[in-house]
Amino acid sequence: MKQLILSLALAASFLCCNSVAAKDIAQPGSFKVGNKTFLLNDKPFVVKAAEVHYPRIPREYWDQRIKMCKALGMNTLCIYVFWNFHEPQMDNFLFTGQNDVAAFCRLAQKNGMYVIVRPGPYACAEWEMGGLPWWLLKKKDIRLREQDPFFMERAEKFETKLAEQLRDLTIQKGGPIIMVQVENEYGSYGEDKPYMSAMRDIIRKAWQAPDLTLFQCDWSSNFTKNGLDDLTWTMNFGTGANIDNEFKKLGELRPNSPKMCSEFWSGWFDKWGGRHETRGAEAMVDGIAQMLERGISFSLYMTHGGTSWGHWAGANSPGFAPDVTSYDYDAPINEAGQVTDKFWKLRKAMEKYSGDWDPNTGKWVSPQQGGRKRGLPAVPKEYPTIAIPKFELKEFAPLAAGTDSIAKMGGLMTFEEMDFGWGSMIYITSLPEIPVQSILQLDAHDYAQVFIDNQFIGKVDRVKHEQTLKLPATKKGQQLIILVEGMGRINFGRAIKDFKGIVSAPVITAEVDGIATSWTPRQWTKCRIQDDYASAVKALNNPSAAFLHLTPLSIREGQGGESGYYRGYFNLKKTGDTFLNLENWGKGQVYVNGHAIGRHWYIGPQQTLYVPGCWLKKGQNEVIVLDVMGPRGERTIEGLQKPIIDRLNLDRPQTHRLEGQTLDLSGEKPVLEGEFKSGNGWQEVKFPQPVSGRYVCIEALNSHNNREYCCIAEWYMLGADGTRLSREPWQVAYCDDEDITSGNKTADKIFDLQESTYWSTNRGVQFPHHLIIDLGQDQTFTGIQYLPRVEAGAPESIRQYRIYVKSSLFKGL
């Protein structure tokens, strides 16, 4: 009874301190762009938004996560709407249950929060294909995020269906929605104002709300490329950024416009095989305080990241860097909805800004001065976590038992051509007699395991840029079997057109009796293995499924057990959140009580998968592991009370300098040498004459202000026509020093399409420093573009430099 009374008291306290806000947005109102400020019901208003993604949170936990954001001092929720989440198959629109975005917005209003909707059609967010549906790729020549007729037709249909769910929830109609975004960071994709204009018109027509505030976001370095005159412009940047510099150009072009950082990055995302990303709480809090002192609105991305359940985690580019399942993001509210050190530090800072902003004085008005104190409500309870004793997954079915009824003979086909989006595909062909060892050239998206009959030969991993594999001598009629697992589609940049499966014809080459010979198999059997719970259950309930005769009964990677489906059970007397430890397992997917929990991969850094207690039950619970590699140890799992998201198991160094490598530039002549300017912003330098080569060596001789180390945020090579060359095929061939102790500051950060990340050398390591880029092939270029760090003063920026170019690797490598 005492606990019940306390709970009622806390609830009453929460309602009391939010009664003004809830009342404000229960009535029809207005949200406008005023003179240097937003106007909510004609009064100055600073947006303090928490970015959260309802698909990444179990619906049962939406309310608690919203209350957590409110307790931080936020007044708004900012949400992406992922197109592929709501239309997973063409014309199959889902807006109920977990997909009920309108219910989420109503719940936000019930909690006294406004809502900013970001409906794309492209989102990014480290989500599968950036939110675009995979089935768009069934039209192989489609031009994504351009005025391709099919793309525009389908985008308009989705935006219309979405608006039908939300248009009655705008503030003008008494709802919580105050702003809607058009597209997303298009300046990082291209320059196409006609496309942006067309997308604006689609959204405006769909919402049927002429007074609704529409905005677009981009980076301060590229927002003018696609900025439309009748949209509000907002900037995206991360912790540590030079706030004044980020808004400088906007202030020059639109001096009376309100300023807003629509994505202030609180942390960063993790990728398989990379170190766990963290960002300091102090830099985050300082950046928010700086903005609020200036009356600048913001959305904290992420305030709570959540989980990319099932197959929804995307991949980044250049190259192919698939994202882990956890979207913890080192955010103030962690993946399980628990408070962190960042949370408490931010909450303490936000208390200072809980009054009203006065743009005339440039100050926050305290309650004693007449301002309305909304206050910070009590922090809601966290959900309990539980440990689950180790249990064995005793049931097994081979992977081939998961094949469905669709099998096709003939030429190669991608997943999309086989009409499925997620899972794996088995490709089978007959081999000729090849009496000697041969080389298989294989372009597979994304993780391919190669077998000859029942023998595992090796793997081809797109993450590592692998495309070749040695094959033993073969006899005529032996079967070449290639199992390709598709991971998340690329979610950022031009590479979002990311087909899965074998994407070009494999070629086998060998030297037979001194003659170079090649074979290109033309006839293939293709079998689909869908990534869904129903396929897993079907396989386990009927291990002798169709098409099993086409594939090995057990395919086994060298160091592991059999690939396939494993099922086990555990019993609970009480439920709670837990973290399933998958360290004994290889690579694949996990399902708990029918819920797709996410991908696992032993390489890390994520070793556990978050399971919300609302998806568990008293009594018996079912766990199915789909493992395309096979377990690496015991077929057991246990539930932990804390996650493991920072443990790597790599067979290669994390840095780009192999043991024994020492670059030797003796006898080499630089094609360019000079001195970069100090300070923030892009710098461009032209070569005296065009230069050709494959390997570009950047030599940093020292840094400004005599700092002991150097950094680069982004780097481009300019082609013969003076425009930026594609960085998609780039790799780091060598780097003599990289800081991996204070964060992920490896050399590949200079071409990761993210201005807030950077390569850094270590303190105390003497100059010069060298970084060599492999462009993939010989190219001709006329200059370079260099971006130092975006923090104030561009710390550790390079001063004197030399550039070397060669068609072959430099000596010593």
# chains A, B, ... in the order shown; residues from 1 in each chain; ligands from 1
$ residues_around --residues "stretch 465-468 of chain A" --least-positions-apart "3" --cutoff "6 Å" --atoms "only C-alpha atoms" --output "JSON, numbers by chain"
{"A": [440, 441, 442, 443, 460, 461, 462]}
$ residues_around --residues "A:Leu214" --least-positions-apart "4" --cutoff "12 Å" --atoms "only C-alpha atoms" --output "ChimeraX atom specification"
/A:31-33,116-119,170,177-183,197,199-205,207,209-210,228-234
$ write_last_selection --atoms "C-alpha atoms" --output "PDB file, in the first residue's frame"
ATOM      1  CA  PHE A  31       4.005  27.417 -34.627  1.00  0.00           C
ATOM      2  CA  LYS A  32       5.742  29.935 -36.859  1.00  0.00           C
ATOM      3  CA  VAL A  33       9.099  31.334 -37.834  1.00  0.00           C
ATOM      4  CA  ILE A 116       8.938  17.148 -35.048  1.00  0.00           C
ATOM      5  CA  VAL A 117       8.313  14.644 -37.844  1.00  0.00           C
ATOM      6  CA  ARG A 118      11.063  13.694 -40.310  1.00  0.00           C
ATOM      7  CA  PRO A 119       9.306  11.648 -43.011  1.00  0.00           C
ATOM      8  CA  THR A 170      -0.600  19.146 -36.302  1.00  0.00           C
ATOM      9  CA  ILE A 177       3.277  18.213 -34.402  1.00  0.00           C
ATOM     10  CA  ILE A 178       4.993  21.589 -34.870  1.00  0.00           C
ATOM     11  CA  MET A 179       7.378  20.972 -37.813  1.00  0.00           C
ATOM     12  CA  VAL A 180       7.897  18.528 -40.674  1.00  0.00           C
ATOM     13  CA  GLN A 181      11.197  17.963 -42.462  1.00  0.00           C
ATOM     14  CA  VAL A 182      11.665  17.674 -46.231  1.00  0.00           C
ATOM     15  CA  GLU A 183      14.159  14.953 -47.271  1.00  0.00           C
ATOM     16  CA  SER A 197      11.373  21.329 -54.702  1.00  0.00           C
ATOM     17  CA  MET A 199       9.699  16.576 -52.664  1.00  0.00           C
ATOM     18  CA  ARG A 200       8.630  19.711 -50.802  1.00  0.00           C
ATOM     19  CA  ASP A 201       5.543  19.948 -52.992  1.00  0.00           C
ATOM     20  CA  ILE A 202       4.699  16.278 -52.369  1.00  0.00           C
ATOM     21  CA  ILE A 203       4.860  16.723 -48.595  1.00  0.00           C
ATOM     22  CA  ARG A 204       2.972  20.008 -48.649  1.00  0.00           C
ATOM     23  CA  LYS A 205       0.207  18.475 -50.752  1.00  0.00           C
ATOM     24  CA  TRP A 207      -0.286  17.147 -45.298  1.00  0.00           C
ATOM     25  CA  ALA A 209      -1.716  22.148 -43.995  1.00  0.00           C
ATOM     26  CA  PRO A 210      -0.611  25.456 -45.535  1.00  0.00           C
ATOM     27  CA  LEU A 228      14.927  26.345 -50.879  1.00  0.00           C
ATOM     28  CA  ASP A 229      13.768  29.906 -50.269  1.00  0.00           C
ATOM     29  CA  ASP A 230      10.462  28.958 -48.649  1.00  0.00           C
ATOM     30  CA  LEU A 231      11.801  26.362 -46.211  1.00  0.00           C
ATOM     31  CA  THR A 232      13.383  26.903 -42.815  1.00  0.00           C
ATOM     32  CA  TRP A 233      17.076  25.958 -42.806  1.00  0.00           C
ATOM     33  CA  THR A 234      18.661  24.037 -39.929  1.00  0.00           C
TER      34      THR A 234
END
$ residues_around --residues "A:Ala241" --least-positions-apart "4" --cutoff "7 Å" --atoms "only C-alpha atoms" --output "number ranges by chain"
A: 237, 790-792
$ residues_around --residues "A:Ala713" --least-positions-apart "4" --cutoff "6 Å" --atoms "only C-alpha atoms" --output "list in words"
Ile750, Glu755, Thr757, Tyr758, Leu787, Pro788 and Arg789 of chain A
$ residues_around --residues "A:Ile712" --least-positions-apart "5" --cutoff "12 Å" --atoms "only C-alpha atoms" --output "ChimeraX atom specification"
/A:676,680-683,698-700,703,738,745-752,754-761,769-771,785-791,794-799
$ residues_around --residues "A:Met487" --least-positions-apart "2" --cutoff "9 Å" --atoms "only C-alpha atoms" --output "PyMOL selection string"
chain A and resi 128+311+313-315+322+422-424+445-447+485+489+500+599
$ write_last_selection --atoms "all heavy atoms" --output "CSV table (one decimal), in the first residue's frame"
chain,number,residue,atom,x,y,z
A,128,GLU,N,18.5,0.3,-42.3
A,128,GLU,CA,18.6,-0.4,-43.6
A,128,GLU,C,18.2,0.5,-44.7
A,128,GLU,O,17.1,1.1,-44.8
A,128,GLU,CB,17.6,-1.6,-43.5
A,128,GLU,CG,17.0,-2.1,-44.8
A,128,GLU,CD,17.9,-3.0,-45.5
A,128,GLU,OE1,18.9,-3.5,-45.0
A,128,GLU,OE2,17.6,-3.4,-46.7
A,311,HIS,N,16.6,-7.2,-38.9
A,311,HIS,CA,17.5,-6.9,-40.0
A,311,HIS,C,17.5,-5.4,-40.3
A,311,HIS,O,17.9,-5.0,-41.4
A,311,HIS,CB,17.0,-7.6,-41.3
A,311,HIS,CG,15.5,-7.5,-41.5
A,311,HIS,ND1,14.7,-8.6,-41.6
A,311,HIS,CD2,14.7,-6.4,-41.7
A,311,HIS,CE1,13.4,-8.1,-41.8
A,311,HIS,NE2,13.5,-6.8,-41.9
A,313,ALA,N,19.3,-2.8,-39.0
A,313,ALA,CA,20.6,-2.1,-39.0
A,313,ALA,C,21.1,-2.0,-40.4
A,313,ALA,O,21.1,-2.9,-41.2
A,313,ALA,CB,21.6,-2.8,-38.1
A,314,GLY,N,21.6,-0.8,-40.7
A,314,GLY,CA,22.1,-0.5,-42.1
A,314,GLY,C,23.6,-0.7,-42.1
A,314,GLY,O,24.2,-1.5,-41.4
A,315,ALA,N,24.2,0.0,-43.1
A,315,ALA,CA,25.7,-0.1,-43.3
A,315,ALA,C,26.2,1.2,-43.8
A,315,ALA,O,25.4,1.9,-44.5
A,315,ALA,CB,26.0,-1.3,-44.2
A,322,PRO,N,29.0,-2.5,-42.1
A,322,PRO,CA,27.6,-2.8,-41.5
A,322,PRO,C,27.6,-2.4,-40.0
A,322,PRO,O,28.5,-2.6,-39.3
A,322,PRO,CB,27.4,-4.3,-41.7
A,322,PRO,CG,28.8,-4.8,-41.9
A,322,PRO,CD,29.6,-3.8,-42.5
A,422,TRP,N,15.7,-9.8,-47.3
A,422,TRP,CA,16.6,-10.0,-46.2
A,422,TRP,C,16.8,-11.5,-46.0
A,422,TRP,O,15.9,-12.3,-46.2
A,422,TRP,CB,16.1,-9.4,-44.9
A,422,TRP,CG,15.8,-8.0,-45.1
A,422,TRP,CD1,16.6,-6.9,-45.1
A,422,TRP,CD2,14.5,-7.4,-45.2
A,422,TRP,NE1,16.0,-5.7,-45.3
A,422,TRP,CE2,14.6,-6.0,-45.3
A,422,TRP,CE3,13.2,-7.9,-45.2
A,422,TRP,CZ2,13.6,-5.1,-45.4
A,422,TRP,CZ3,12.1,-7.1,-45.3
A,422,TRP,CH2,12.3,-5.7,-45.4
A,423,GLY,N,18.0,-11.9,-45.7
A,423,GLY,CA,18.3,-13.3,-45.4
A,423,GLY,C,19.6,-13.8,-46.1
A,423,GLY,O,20.6,-13.0,-46.2
A,424,SER,N,19.6,-15.0,-46.6
A,424,SER,CA,20.7,-15.6,-47.3
A,424,SER,C,20.3,-16.3,-48.6
A,424,SER,O,19.1,-16.6,-48.7
A,424,SER,CB,21.4,-16.6,-46.4
A,424,SER,OG,21.9,-16.0,-45.2
A,445,HIS,N,27.7,-9.7,-52.1
A,445,HIS,CA,27.2,-8.8,-51.1
A,445,HIS,C,26.3,-9.6,-50.1
A,445,HIS,O,25.1,-9.9,-50.5
A,445,HIS,CB,26.3,-7.6,-51.7
A,445,HIS,CG,27.1,-6.7,-52.5
A,445,HIS,ND1,26.5,-5.6,-53.1
A,445,HIS,CD2,28.4,-6.6,-52.9
A,445,HIS,CE1,27.4,-4.9,-53.8
A,445,HIS,NE2,28.5,-5.5,-53.7
A,446,ASP,N,26.8,-10.0,-48.9
A,446,ASP,CA,27.9,-9.3,-48.3
A,446,ASP,C,28.9,-10.3,-47.7
A,446,ASP,O,30.1,-10.0,-47.6
A,446,ASP,CB,27.3,-8.4,-47.1
A,446,ASP,CG,26.4,-7.4,-47.7
A,446,ASP,OD1,26.7,-6.6,-48.6
A,446,ASP,OD2,25.2,-7.3,-47.2
A,447,TYR,N,28.5,-11.4,-47.2
A,447,TYR,CA,29.4,-12.4,-46.5
A,447,TYR,C,29.1,-13.7,-47.2
A,447,TYR,O,28.1,-14.3,-47.1
A,447,TYR,CB,29.1,-12.4,-45.0
A,447,TYR,CG,30.1,-13.3,-44.3
A,447,TYR,CD1,31.2,-12.7,-43.8
A,447,TYR,CD2,29.8,-14.6,-44.0
A,447,TYR,CE1,32.1,-13.4,-43.0
A,447,TYR,CE2,30.7,-15.4,-43.3
A,447,TYR,CZ,31.9,-14.8,-42.8
A,447,TYR,OH,32.8,-15.5,-42.1
A,485,GLU,N,25.2,-14.4,-47.3
A,485,GLU,CA,24.4,-13.7,-46.3
A,485,GLU,C,24.4,-12.2,-46.6
A,485,GLU,O,25.4,-11.6,-46.7
A,485,GLU,CB,24.9,-13.9,-44.9
A,485,GLU,CG,24.0,-13.3,-43.9
A,485,GLU,CD,24.7,-12.9,-42.6
A,485,GLU,OE1,26.0,-12.9,-42.6
A,485,GLU,OE2,24.1,-12.7,-41.5
A,489,ARG,N,21.7,-3.0,-45.9
A,489,ARG,CA,22.0,-2.2,-47.0
A,489,ARG,C,22.6,-0.8,-46.6
A,489,ARG,O,22.3,-0.2,-45.6
A,489,ARG,CB,20.8,-2.0,-47.9
A,489,ARG,CG,20.4,-3.2,-48.6
A,489,ARG,CD,19.1,-3.1,-49.5
A,489,ARG,NE,18.8,-4.3,-50.2
A,489,ARG,CZ,18.1,-5.3,-49.7
A,489,ARG,NH1,17.7,-5.3,-48.4
A,489,ARG,NH2,17.9,-6.4,-50.4
A,500,LYS,N,21.9,-7.1,-53.1
A,500,LYS,CA,22.4,-8.2,-52.2
A,500,LYS,C,22.5,-9.5,-53.1
A,500,LYS,O,21.8,-9.7,-54.0
A,500,LYS,CB,21.5,-8.4,-51.0
A,500,LYS,CG,21.5,-7.2,-50.1
A,500,LYS,CD,22.8,-6.8,-49.6
A,500,LYS,CE,22.8,-5.7,-48.6
A,500,LYS,NZ,24.1,-5.2,-48.2
A,599,ARG,N,21.0,-8.9,-35.2
A,599,ARG,CA,22.2,-9.7,-35.7
A,599,ARG,C,23.2,-9.8,-34.6
A,599,ARG,O,23.4,-9.0,-33.8
A,599,ARG,CB,22.8,-8.9,-36.9
A,599,ARG,CG,21.9,-8.9,-38.2
A,599,ARG,CD,22.7,-8.4,-39.4
A,599,ARG,NE,21.9,-8.4,-40.6
A,599,ARG,CZ,21.3,-7.3,-41.1
A,599,ARG,NH1,21.3,-6.2,-40.5
A,599,ARG,NH2,20.6,-7.5,-42.2
$ closest_residue --among "A:Gly743, A:Pro384, A:Gly227, A:Gly319" --to "A:Met196" --atoms "only C-alpha atoms"
A:Gly227
$ select_by_dssp --residues "stretch 480-542 of chain A" --states "strand (DSSP E)" --output "list in words"
Leu480, Ile481, Ile482, Leu483, Val484, Glu485, Gly501, Ile502, Val507, Ile508, Thr509, Ala510, Glu511, Val512, Ile515, Ala516, Thr517, Ser518, Trp519, Trp524, Thr525, Lys526, Cys527, Arg528, Ile529 and Gln530 of chain A
$ write_last_selection --atoms "N, CA and C atoms" --output "PDB file, in the first residue's frame"
ATOM      1  N   LEU A 480      30.058 -26.466 -56.911  1.00  0.00           N
ATOM      2  CA  LEU A 480      30.504 -25.239 -56.250  1.00  0.00           C
ATOM      3  C   LEU A 480      29.279 -24.632 -55.585  1.00  0.00           C
ATOM      4  N   ILE A 481      29.327 -24.486 -54.267  1.00  0.00           N
ATOM      5  CA  ILE A 481      28.191 -23.970 -53.492  1.00  0.00           C
ATOM      6  C   ILE A 481      28.634 -22.687 -52.805  1.00  0.00           C
ATOM      7  N   ILE A 482      27.895 -21.632 -53.032  1.00  0.00           N
ATOM      8  CA  ILE A 482      28.219 -20.348 -52.426  1.00  0.00           C
ATOM      9  C   ILE A 482      27.019 -19.892 -51.597  1.00  0.00           C
ATOM     10  N   LEU A 483      27.239 -19.758 -50.324  1.00  0.00           N
ATOM     11  CA  LEU A 483      26.206 -19.274 -49.412  1.00  0.00           C
ATOM     12  C   LEU A 483      26.480 -17.797 -49.140  1.00  0.00           C
ATOM     13  N   VAL A 484      25.552 -16.938 -49.538  1.00  0.00           N
ATOM     14  CA  VAL A 484      25.737 -15.492 -49.372  1.00  0.00           C
ATOM     15  C   VAL A 484      24.719 -14.962 -48.374  1.00  0.00           C
ATOM     16  N   GLU A 485      25.214 -14.387 -47.296  1.00  0.00           N
ATOM     17  CA  GLU A 485      24.354 -13.718 -46.321  1.00  0.00           C
ATOM     18  C   GLU A 485      24.357 -12.218 -46.623  1.00  0.00           C
ATOM     19  N   GLY A 501      23.446 -10.375 -52.577  1.00  0.00           N
ATOM     20  CA  GLY A 501      23.697 -11.629 -53.274  1.00  0.00           C
ATOM     21  C   GLY A 501      24.954 -11.534 -54.117  1.00  0.00           C
ATOM     22  N   ILE A 502      25.083 -12.392 -55.105  1.00  0.00           N
ATOM     23  CA  ILE A 502      26.192 -12.302 -56.061  1.00  0.00           C
ATOM     24  C   ILE A 502      25.801 -11.276 -57.108  1.00  0.00           C
ATOM     25  N   VAL A 507      34.171 -15.620 -61.785  1.00  0.00           N
ATOM     26  CA  VAL A 507      35.102 -16.127 -62.792  1.00  0.00           C
ATOM     27  C   VAL A 507      36.163 -16.958 -62.091  1.00  0.00           C
ATOM     28  N   ILE A 508      36.463 -18.134 -62.653  1.00  0.00           N
ATOM     29  CA  ILE A 508      37.516 -19.004 -62.124  1.00  0.00           C
ATOM     30  C   ILE A 508      38.675 -18.976 -63.112  1.00  0.00           C
ATOM     31  N   THR A 509      39.864 -18.686 -62.612  1.00  0.00           N
ATOM     32  CA  THR A 509      41.042 -18.620 -63.490  1.00  0.00           C
ATOM     33  C   THR A 509      42.120 -19.561 -62.966  1.00  0.00           C
ATOM     34  N   ALA A 510      42.885 -20.131 -63.906  1.00  0.00           N
ATOM     35  CA  ALA A 510      43.981 -21.023 -63.541  1.00  0.00           C
ATOM     36  C   ALA A 510      44.954 -21.093 -64.711  1.00  0.00           C
ATOM     37  N   GLU A 511      46.142 -21.524 -64.407  1.00  0.00           N
ATOM     38  CA  GLU A 511      47.132 -21.761 -65.455  1.00  0.00           C
ATOM     39  C   GLU A 511      47.270 -23.266 -65.637  1.00  0.00           C
ATOM     40  N   VAL A 512      46.804 -23.753 -66.787  1.00  0.00           N
ATOM     41  CA  VAL A 512      46.805 -25.182 -67.076  1.00  0.00           C
ATOM     42  C   VAL A 512      47.774 -25.446 -68.209  1.00  0.00           C
ATOM     43  N   ILE A 515      49.069 -22.416 -69.867  1.00  0.00           N
ATOM     44  CA  ILE A 515      48.125 -21.547 -70.584  1.00  0.00           C
ATOM     45  C   ILE A 515      47.122 -20.981 -69.592  1.00  0.00           C
ATOM     46  N   ALA A 516      46.984 -19.645 -69.552  1.00  0.00           N
ATOM     47  CA  ALA A 516      46.001 -18.999 -68.678  1.00  0.00           C
ATOM     48  C   ALA A 516      44.604 -19.297 -69.188  1.00  0.00           C
ATOM     49  N   THR A 517      43.787 -19.879 -68.323  1.00  0.00           N
ATOM     50  CA  THR A 517      42.445 -20.316 -68.715  1.00  0.00           C
ATOM     51  C   THR A 517      41.435 -19.773 -67.708  1.00  0.00           C
ATOM     52  N   SER A 518      40.240 -19.462 -68.189  1.00  0.00           N
ATOM     53  CA  SER A 518      39.195 -18.969 -67.284  1.00  0.00           C
ATOM     54  C   SER A 518      37.874 -19.658 -67.586  1.00  0.00           C
ATOM     55  N   TRP A 519      37.046 -19.779 -66.555  1.00  0.00           N
ATOM     56  CA  TRP A 519      35.722 -20.370 -66.675  1.00  0.00           C
ATOM     57  C   TRP A 519      34.719 -19.428 -66.019  1.00  0.00           C
ATOM     58  N   TRP A 524      23.063 -21.752 -62.787  1.00  0.00           N
ATOM     59  CA  TRP A 524      23.070 -21.772 -61.320  1.00  0.00           C
ATOM     60  C   TRP A 524      21.690 -22.155 -60.797  1.00  0.00           C
ATOM     61  N   THR A 525      21.703 -22.899 -59.708  1.00  0.00           N
ATOM     62  CA  THR A 525      20.483 -23.090 -58.929  1.00  0.00           C
ATOM     63  C   THR A 525      20.516 -22.108 -57.766  1.00  0.00           C
ATOM     64  N   LYS A 526      19.421 -21.391 -57.587  1.00  0.00           N
ATOM     65  CA  LYS A 526      19.358 -20.393 -56.507  1.00  0.00           C
ATOM     66  C   LYS A 526      18.246 -20.760 -55.535  1.00  0.00           C
ATOM     67  N   CYS A 527      18.565 -20.798 -54.246  1.00  0.00           N
ATOM     68  CA  CYS A 527      17.582 -21.107 -53.212  1.00  0.00           C
ATOM     69  C   CYS A 527      17.585 -20.002 -52.165  1.00  0.00           C
ATOM     70  N   ARG A 528      16.400 -19.521 -51.806  1.00  0.00           N
ATOM     71  CA  ARG A 528      16.275 -18.434 -50.832  1.00  0.00           C
ATOM     72  C   ARG A 528      16.165 -18.979 -49.410  1.00  0.00           C
ATOM     73  N   ILE A 529      16.786 -18.253 -48.491  1.00  0.00           N
ATOM     74  CA  ILE A 529      16.596 -18.508 -47.059  1.00  0.00           C
ATOM     75  C   ILE A 529      16.132 -17.204 -46.445  1.00  0.00           C
ATOM     76  N   GLN A 530      14.847 -17.088 -46.227  1.00  0.00           N
ATOM     77  CA  GLN A 530      14.277 -15.845 -45.729  1.00  0.00           C
ATOM     78  C   GLN A 530      14.703 -15.599 -44.283  1.00  0.00           C
TER      79      GLN A 530
END
